[in-house]
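Data from final-v2.txt: compact mmCIF, C-alpha atoms
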```txt
# COMPACT_ATOMS: atom_id res chain seq x y z
CA MET V 19 137.31 81.82 64.64
CA LYS V 20 134.89 83.84 62.54
CA THR V 21 131.30 82.69 62.34
CA LYS V 22 128.07 84.24 61.19
CA GLY V 23 124.51 83.09 61.13
CA ALA V 24 121.22 83.13 63.01
CA GLY V 25 119.06 80.71 64.91
CA GLY V 26 115.78 80.56 66.77
CA CYS V 27 114.63 82.17 69.96
CA GLU V 28 114.39 79.34 72.49
CA ARG V 29 115.92 80.42 75.85
CA ASN V 30 117.36 78.12 78.48
CA PRO V 31 121.04 79.04 78.80
CA TRP V 32 122.03 76.85 81.73
CA MET V 33 120.77 73.64 80.12
CA PHE V 34 121.99 75.09 76.81
CA SER V 35 118.90 74.39 74.78
CA ASN V 36 119.51 77.80 73.18
CA SER V 37 119.13 77.63 69.45
CA SER V 38 120.08 81.30 68.94
CA LEU V 39 123.64 80.97 70.22
CA ARG V 40 123.97 77.56 68.55
CA GLY V 41 122.88 79.08 65.26
CA ILE V 42 125.40 81.91 65.46
CA PHE V 43 128.21 79.53 66.51
CA ARG V 44 127.50 77.30 63.47
CA LEU V 45 129.65 74.45 64.79
CA PRO V 46 128.71 71.46 66.94
CA VAL V 47 128.98 72.70 70.53
CA GLU V 48 131.11 70.24 72.48
CA ARG V 49 131.58 72.19 75.72
CA VAL V 50 129.69 74.97 77.49
CA GLN V 51 131.22 76.87 80.39
CA PRO V 52 129.14 79.45 82.31
CA LEU V 53 131.21 82.58 82.94
CA GLN V 54 128.67 84.58 84.89
CA GLY V 55 130.31 84.00 88.26
CA GLY V 56 133.72 85.07 87.08
CA LEU V 57 132.88 87.87 84.68
CA GLY V 58 129.28 88.83 85.21
CA GLY V 59 127.43 91.12 87.57
CA SER V 60 125.34 92.89 84.95
CA GLY V 61 122.39 90.51 84.75
CA ARG V 62 123.70 88.86 81.59
CA ASN V 63 124.04 85.12 81.05
CA ILE V 64 127.58 84.63 79.75
CA LEU V 65 128.71 81.32 78.28
CA ARG V 66 131.87 80.05 76.63
CA LEU V 67 131.03 77.80 73.68
CA ALA V 68 133.74 75.46 72.40
CA HIS V 69 134.30 73.09 69.49
CA GLN V 70 137.66 71.31 69.61
CA ASP V 71 140.21 74.14 69.99
CA LEU V 72 137.83 76.88 68.80
CA SER V 73 135.81 78.92 71.27
CA ALA V 74 133.65 82.01 71.50
CA VAL V 75 131.69 83.81 74.20
CA GLY V 76 127.91 83.86 73.95
CA ILE V 77 125.88 86.47 75.78
CA LEU V 78 122.16 86.40 76.57
CA TYR V 79 120.47 89.58 77.72
CA ASP V 80 116.89 90.75 77.35
CA VAL V 81 117.35 94.55 77.14
CA ARG V 82 117.24 95.13 73.41
CA GLU V 83 118.16 98.84 73.52
CA GLU V 84 121.33 98.14 75.49
CA ASN V 85 122.27 95.26 73.21
CA VAL V 86 121.87 97.50 70.16
CA ALA V 87 124.15 100.13 71.69
CA PHE V 88 126.74 97.56 72.77
CA LEU V 89 126.91 95.94 69.33
CA ASP V 90 126.98 99.26 67.48
CA PHE V 91 129.73 100.68 69.68
CA SER V 92 131.77 97.46 69.63
CA ARG V 93 131.82 97.37 65.84
CA HIS V 94 132.64 101.08 65.69
CA PHE V 95 135.57 100.77 68.10
CA ARG V 96 136.94 97.73 66.28
CA SER V 97 136.73 99.55 62.94
CA ARG V 98 138.87 102.29 64.51
CA GLY V 99 141.56 99.77 65.46
CA LEU V 100 140.75 99.63 69.16
CA PRO V 101 141.40 96.32 70.98
CA VAL V 102 137.86 95.10 71.63
CA PRO V 103 136.38 91.64 70.99
CA GLU V 104 135.12 90.97 67.50
CA VAL V 105 131.36 90.43 67.25
CA TYR V 106 130.73 87.26 65.26
CA GLY V 107 126.96 87.53 65.01
CA SER V 108 123.76 88.42 66.84
CA GLU V 109 120.06 87.64 67.15
CA LEU V 110 118.56 90.78 68.67
CA ASP V 111 115.04 89.35 68.80
CA ALA V 112 116.38 86.58 71.02
CA GLY V 113 118.67 88.84 73.03
CA ALA V 114 121.72 86.83 71.96
CA TYR V 115 125.10 87.65 70.48
CA LEU V 116 128.43 85.92 70.04
CA GLU V 117 131.84 87.52 70.34
CA GLU V 118 135.54 86.74 70.41
CA ASP V 119 136.87 84.76 73.37
CA LEU V 120 139.63 86.82 75.01
CA GLY V 121 140.60 84.16 77.53
CA ASP V 122 140.43 84.24 81.32
CA LEU V 123 143.18 86.58 82.52
CA THR V 124 141.87 89.96 83.63
CA LEU V 125 144.05 92.90 84.56
CA PHE V 126 142.75 92.53 88.12
CA GLN V 127 143.88 88.91 88.30
CA PHE V 128 147.26 89.82 86.83
CA LEU V 129 147.65 92.53 89.44
CA SER V 130 146.65 90.20 92.29
CA ASN V 131 149.11 87.53 91.15
CA ASN V 132 152.03 89.92 90.80
CA ARG V 133 152.12 92.07 93.89
CA ALA V 134 153.51 91.83 97.40
CA GLY V 135 151.63 94.29 99.58
CA ASP V 136 152.12 97.71 98.01
CA ASP V 137 154.96 96.51 95.79
CA LEU V 138 153.95 95.93 92.17
CA ALA V 139 155.95 93.88 89.72
CA PRO V 140 157.35 95.94 86.79
CA GLU V 141 155.21 93.97 84.32
CA VAL V 142 152.07 95.07 86.20
CA VAL V 143 153.07 98.72 85.93
CA GLU V 144 153.73 98.25 82.22
CA ALA V 145 150.32 96.59 81.75
CA TYR V 146 148.64 99.57 83.42
CA ARG V 147 150.56 101.97 81.19
CA LYS V 148 149.26 100.15 78.12
CA VAL V 149 145.69 100.24 79.44
CA VAL V 150 145.74 103.94 80.34
CA ALA V 151 147.24 104.81 76.94
CA GLN V 152 144.15 103.37 75.23
CA LEU V 153 141.56 105.36 77.21
CA PRO V 154 141.91 108.64 75.23
CA ARG V 155 141.43 106.66 72.02
CA PHE V 156 137.99 105.61 73.27
CA GLN V 157 137.09 108.94 74.83
CA ILE V 158 138.34 111.32 72.14
CA GLU V 159 139.42 109.73 68.86
CA ALA V 160 136.67 107.12 68.42
CA SER V 161 134.11 109.47 69.94
CA ARG V 162 134.27 111.96 67.09
CA ASP V 163 132.03 109.97 64.74
CA LEU V 164 130.32 107.67 67.23
CA ASN V 165 126.57 107.21 66.83
CA TYR V 166 125.31 108.58 70.16
CA LYS V 167 121.70 108.15 68.98
CA VAL V 168 121.78 104.52 70.12
CA CYS V 169 122.83 105.40 73.69
CA TYR V 170 120.75 103.85 76.45
CA PRO V 171 119.18 104.96 78.72
CA ARG V 172 120.28 108.57 78.00
CA SER V 173 122.54 110.15 75.39
CA SER V 174 124.41 112.40 77.83
CA PHE V 175 125.65 112.06 81.39
CA ASP V 176 123.24 114.78 82.49
CA GLY V 177 121.65 115.77 85.78
CA GLN V 178 119.39 112.72 85.80
CA SER V 179 122.34 110.38 85.22
CA ILE V 180 124.31 112.02 88.02
CA ALA V 181 121.33 111.67 90.37
CA TRP V 182 121.07 107.95 89.58
CA ASP V 183 124.73 107.42 90.44
CA LEU V 184 124.54 109.44 93.66
CA ASN V 185 121.46 107.56 94.81
CA TYR V 186 123.21 104.28 94.01
CA PHE V 187 126.01 105.40 96.34
CA LYS V 188 123.50 106.29 99.04
CA TYR V 189 121.39 103.13 98.94
CA TYR V 190 123.99 100.51 98.00
CA PHE V 191 126.94 101.79 100.01
CA LEU V 192 126.01 104.12 102.85
CA LYS V 193 122.80 102.40 103.88
CA LEU V 194 124.02 98.84 103.33
CA ALA V 195 127.21 99.56 105.28
CA GLY V 196 125.22 101.10 108.11
CA ILE V 197 127.06 104.41 107.87
CA PRO V 198 125.06 107.15 109.66
CA PHE V 199 124.35 110.34 107.75
CA ASN V 200 121.96 113.28 107.70
CA GLU V 201 119.56 112.65 104.80
CA GLN V 202 118.83 116.30 104.05
CA GLU V 203 122.44 117.43 104.32
CA LEU V 204 123.50 114.61 102.03
CA GLU V 205 120.86 115.63 99.47
CA ASN V 206 122.11 119.22 99.68
CA ASP V 207 125.64 117.98 99.00
CA PHE V 208 124.37 115.91 96.09
CA ARG V 209 122.72 118.95 94.50
CA ARG V 210 125.85 121.07 94.89
CA LEU V 211 128.02 118.32 93.45
CA ALA V 212 125.69 117.77 90.49
CA LYS V 213 125.59 121.49 89.75
CA PHE V 214 129.40 121.63 89.76
CA LEU V 215 129.77 118.54 87.56
CA LEU V 216 127.34 119.91 84.99
CA THR V 217 129.62 122.91 84.36
CA ALA V 218 132.15 120.64 82.61
CA SER V 219 131.96 119.94 78.89
CA ARG V 220 130.31 116.59 78.09
CA ASP V 221 131.68 115.94 74.61
CA TYR V 222 133.56 112.71 75.26
CA PHE V 223 132.68 109.02 75.32
CA LEU V 224 131.77 107.59 78.70
CA TYR V 225 133.52 104.22 79.06
CA ARG V 226 131.59 103.22 82.13
CA ASP V 227 133.24 100.67 84.41
CA PHE V 228 136.72 101.31 83.03
CA GLN V 229 138.21 99.04 85.66
CA SER V 230 140.72 96.22 85.99
CA ARG V 231 138.06 93.48 85.96
CA ASN V 232 136.88 94.67 82.54
CA VAL V 233 140.27 94.48 80.87
CA MET V 234 141.61 91.17 79.55
CA LEU V 235 145.28 90.47 78.93
CA ARG V 236 146.22 88.26 76.01
CA GLY V 237 149.80 87.92 74.87
CA GLY V 238 150.73 90.78 77.17
CA GLN V 239 148.36 93.18 75.39
CA PRO V 240 145.14 94.65 76.85
CA PHE V 241 141.73 94.03 75.33
CA PHE V 242 138.63 95.84 76.51
CA PHE V 243 135.14 94.54 77.03
CA GLY V 244 132.05 96.04 78.62
CA LEU V 245 129.96 93.33 80.22
CA SER V 246 127.94 96.04 81.91
CA GLY V 247 127.27 97.37 78.42
CA TRP V 248 128.76 100.08 76.31
CA ALA V 249 125.30 101.65 76.35
CA GLN V 250 127.03 104.82 77.37
CA ARG V 251 126.76 108.55 76.99
CA ARG V 252 128.65 111.76 76.39
CA VAL V 253 130.52 112.77 79.52
CA ALA V 254 133.25 115.01 80.91
CA LEU V 255 136.74 113.81 80.03
CA ARG V 256 137.78 113.18 83.65
CA TYR V 257 134.99 110.74 84.51
CA CYS V 258 136.38 107.36 83.39
CA PHE V 259 139.94 107.22 84.69
CA PRO V 260 139.35 107.09 88.50
CA ALA V 261 137.54 103.73 88.21
CA LEU V 262 140.76 102.02 87.16
```
Show me the file's structure as structure tokens.
Amino acid sequence: MKTKGAGGCERNPWMFSNSSLRGIFRLPVERVQPLQGGLGGSGRNILRLAHQDLSAVGILYDVREENVAFLDFSRHFRSRGLPVPEVYGSELDAGAYLEEDLGDLTLFQFLSNNRAGDDLAPEVVEAYRKVVAQLPRFQIEASRDLNYKVCYPRSSFDGQSIAWDLNYFKYYFLKLAGIPFNEQELENDFRRLAKFLLTASRDYFLYRDFQSRNVMLRGGQPFFFGLSGWAQRRVALRYCFPAL
């Protein structure tokens, strides 16, 4: 389904009195299914809107700069033939946009349903091969003429960005898990690691959260979405792959 249009700015996603998403959808909304629990984790309100057998995914998020980057990058990647959801329309002032519904089957779910301990079904291995083959197209090919000026919050994965990630590891993993550590020695390690990482070239697109929960499978083919936002930066080529 391809729809375009605009609506107002009223916000109440869970009761669905949202005129912005209704305006972009441009069809009578018969069913609304919240997807936040299954797909979210980024602070976005994510809803599936349906009319008969047509559906789309509506997203509500109040950070305008990140929405601008996400929409700009999504359209750029799609214009380069990359398998990302089509953006049907947006209302930036209302923090709303509508995109293609890719279904419900993530690569993670496919993996979980087709493994026995450490043994993976051949179709899972093939799905991973297809996913990994697409990563250089994002990082290198589509990166060459990408508009990095819209990146948020920074245009490059620099020292500040590295520090944010390392502190996230400290406060949301080590401390929450109750793992003892020497604060000063850890900070010294962080500084050494950051210094080493900054020696690598940062001329490639950072597909943050390149992981199995952010890849949909439809008809056996992978499609990529970034519910945490493609508000990304230039980064070293090796950064994205380990998350998968």
**Fill in**
From the list V:Lys213, V:Arg82, V:Lys193, V:Arg147, the nearest residue to Leu262 of chain V using all atoms listed in the file is V:Arg147
**Request:** Fewer than 5 positions away in the same chain doesn't count, so skip those; otherwise give me all residues within 6 Å of Tyr222 of chain V, counting all atoms listed in the file, as a ChimeraX atom specification.
**Result:** /V:157-158,252-253,255
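Closest approach to Gly61 of chain V among V:Leu224, V:Val47, V:Leu78, V:Ala212: V:Leu78, based on all atoms listed in the file.
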**Request:** Pick out the residues sitting within 12 Å of Leu204 of chain V, and hand them over as number ranges by chain; count only C-alpha atoms, and ignore anything fewer than 6 positions along from it in its own chain.
**Result:** V: 184-185, 187-188, 192, 198, 210-211
**Item:** d(atom CA of Leu89 of chain V, atom CA of Tyr115 of chain V) in Å
**Value:** 8.6 Å
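What separates atom CA of Pro46 of chain V from atom CA of Asp90 of chain V is a distance of 27.9 Å.
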The centre and edge lengths of an axis-aligned box containing all atoms of segment 125-130 of chain V present in the file, extended by 6 Å on each side, are to be given in Å to one decimal, as JSON.
```
{"center_x": 145.2, "center_y": 90.9, "center_z": 88.4, "size_x": 16.9, "size_y": 16.0, "size_z": 19.7}
```
**Message:** If I take atom CA of Ser161 of chain V and atom CA of Leu100 of chain V, how far is one from the other in Å, to one decimal?
**Reply:** 11.9 Å
**Message:** Nearest residue to Glu159 of chain V out of V:Tyr257, V:Phe241, V:Phe223, V:Phe88, using only C-alpha atoms?
**Reply:** V:Phe223
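The smallest atom-to-atom distance between Arg62 of chain V and any of V:Val143, V:Ala134, V:Val86, V:Ala114, using only C-alpha atoms, is found for V:Ala114.
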**Asked** Smallest atom-to-atom distance to Tyr225 of chain V: which of V:Gln70, V:Gln178, V:Gln152, V:Ser108, using only C-alpha atoms?
**Response** V:Gln152
**Request:** Tell me which protein, DNA and RNA residues are within 12 Å of Phe156 of chain V, counting only C-alpha atoms, leaving out same-chain ones fewer than 5 positions away, and put them as a ChimeraX atom specification.
**Result:** /V:91-92,94-96,98-102,149-151,161-164,222-226,228,242,248,250,252,255,258-259
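Candidate residues V:Ala87, V:Leu129, V:Leu45, V:Leu53 were compared for distance to Pro171 of chain V, and the nearest is V:Ala87, using only C-alpha atoms.
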Any chance you could model N, CA and C atoms for segment 105-132 of chain V and send them as an mmCIF file, keeping the file's coordinate frame?
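The file below, selection_21.cif, is the result:
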```
data_model
loop_
_atom_site.group_PDB
_atom_site.id
_atom_site.type_symbol
_atom_site.label_atom_id
_atom_site.label_comp_id
_atom_site.auth_asym_id
_atom_site.auth_seq_id
_atom_site.Cartn_x
_atom_site.Cartn_y
_atom_site.Cartn_z
ATOM 1 N N VAL V 105 132.724 90.977 67.177
ATOM 2 C CA VAL V 105 131.360 90.430 67.250
ATOM 3 C C VAL V 105 131.167 89.512 66.054
ATOM 4 N N TYR V 106 130.883 88.233 66.331
ATOM 5 C CA TYR V 106 130.730 87.260 65.260
ATOM 6 C C TYR V 106 129.323 87.259 64.674
ATOM 7 N N GLY V 107 128.327 87.550 65.496
ATOM 8 C CA GLY V 107 126.960 87.530 65.010
ATOM 9 C C GLY V 107 125.999 87.818 66.153
ATOM 10 N N SER V 108 124.742 88.093 65.802
ATOM 11 C CA SER V 108 123.760 88.420 66.840
ATOM 12 C C SER V 108 122.366 88.041 66.389
ATOM 13 N N GLU V 109 121.499 87.825 67.351
ATOM 14 C CA GLU V 109 120.060 87.640 67.150
ATOM 15 C C GLU V 109 119.365 88.548 68.147
ATOM 16 N N LEU V 110 119.109 89.791 67.744
ATOM 17 C CA LEU V 110 118.560 90.780 68.670
ATOM 18 C C LEU V 110 117.182 90.384 69.188
ATOM 19 N N ASP V 111 116.378 89.750 68.352
ATOM 20 C CA ASP V 111 115.040 89.350 68.800
ATOM 21 C C ASP V 111 115.111 88.321 69.927
ATOM 22 N N ALA V 112 116.205 87.580 69.967
ATOM 23 C CA ALA V 112 116.380 86.580 71.020
ATOM 24 C C ALA V 112 117.270 87.082 72.138
ATOM 25 N N GLY V 113 117.780 88.303 72.019
ATOM 26 C CA GLY V 113 118.670 88.840 73.030
ATOM 27 C C GLY V 113 119.977 88.081 73.124
ATOM 28 N N ALA V 114 120.512 87.645 71.970
ATOM 29 C CA ALA V 114 121.720 86.830 71.960
ATOM 30 C C ALA V 114 122.746 87.396 71.003
ATOM 31 N N TYR V 115 124.016 87.339 71.406
ATOM 32 C CA TYR V 115 125.100 87.650 70.480
ATOM 33 C C TYR V 115 126.341 86.873 70.857
ATOM 34 N N LEU V 116 127.226 86.723 69.888
ATOM 35 C CA LEU V 116 128.430 85.920 70.040
ATOM 36 C C LEU V 116 129.633 86.780 69.723
ATOM 37 N N GLU V 117 130.662 86.698 70.565
ATOM 38 C CA GLU V 117 131.840 87.520 70.340
ATOM 39 C C GLU V 117 133.119 86.731 70.623
ATOM 40 N N GLU V 118 134.220 87.338 70.263
ATOM 41 C CA GLU V 118 135.540 86.740 70.410
ATOM 42 C C GLU V 118 135.831 86.376 71.866
ATOM 43 N N ASP V 119 136.448 85.213 72.041
ATOM 44 C CA ASP V 119 136.870 84.760 73.370
ATOM 45 C C ASP V 119 138.258 85.328 73.653
ATOM 46 N N LEU V 120 138.370 86.177 74.659
ATOM 47 C CA LEU V 120 139.630 86.820 75.010
ATOM 48 C C LEU V 120 140.398 86.076 76.088
ATOM 49 N N GLY V 121 139.910 84.918 76.506
ATOM 50 C CA GLY V 121 140.600 84.160 77.530
ATOM 51 C C GLY V 121 140.054 84.435 78.920
ATOM 52 N N ASP V 122 140.883 84.164 79.931
ATOM 53 C CA ASP V 122 140.430 84.240 81.320
ATOM 54 C C ASP V 122 141.226 85.193 82.189
ATOM 55 N N LEU V 123 142.309 85.751 81.683
ATOM 56 C CA LEU V 123 143.180 86.580 82.520
ATOM 57 C C LEU V 123 142.771 88.039 82.456
ATOM 58 N N THR V 124 142.206 88.538 83.554
ATOM 59 C CA THR V 124 141.870 89.960 83.630
ATOM 60 C C THR V 124 143.045 90.739 84.201
ATOM 61 N N LEU V 125 143.020 92.037 83.981
ATOM 62 C CA LEU V 125 144.050 92.900 84.560
ATOM 63 C C LEU V 125 144.042 92.797 86.079
ATOM 64 N N PHE V 126 142.856 92.669 86.670
ATOM 65 C CA PHE V 126 142.750 92.530 88.120
ATOM 66 C C PHE V 126 143.448 91.272 88.612
ATOM 67 N N GLN V 127 143.220 90.154 87.916
ATOM 68 C CA GLN V 127 143.880 88.910 88.300
ATOM 69 C C GLN V 127 145.391 89.011 88.146
ATOM 70 N N PHE V 128 145.827 89.643 87.069
ATOM 71 C CA PHE V 128 147.260 89.820 86.830
ATOM 72 C C PHE V 128 147.893 90.652 87.935
ATOM 73 N N LEU V 129 147.182 91.694 88.341
ATOM 74 C CA LEU V 129 147.650 92.530 89.440
ATOM 75 C C LEU V 129 147.731 91.727 90.738
ATOM 76 N N SER V 130 146.690 90.976 91.039
ATOM 77 C CA SER V 130 146.650 90.200 92.290
ATOM 78 C C SER V 130 147.749 89.152 92.348
ATOM 79 N N ASN V 131 148.107 88.600 91.192
ATOM 80 C CA ASN V 131 149.110 87.530 91.150
ATOM 81 C C ASN V 131 150.536 88.062 91.140
ATOM 82 N N ASN V 132 150.689 89.373 90.972
ATOM 83 C CA ASN V 132 152.030 89.920 90.800
ATOM 84 C C ASN V 132 152.260 91.142 91.696
#
```
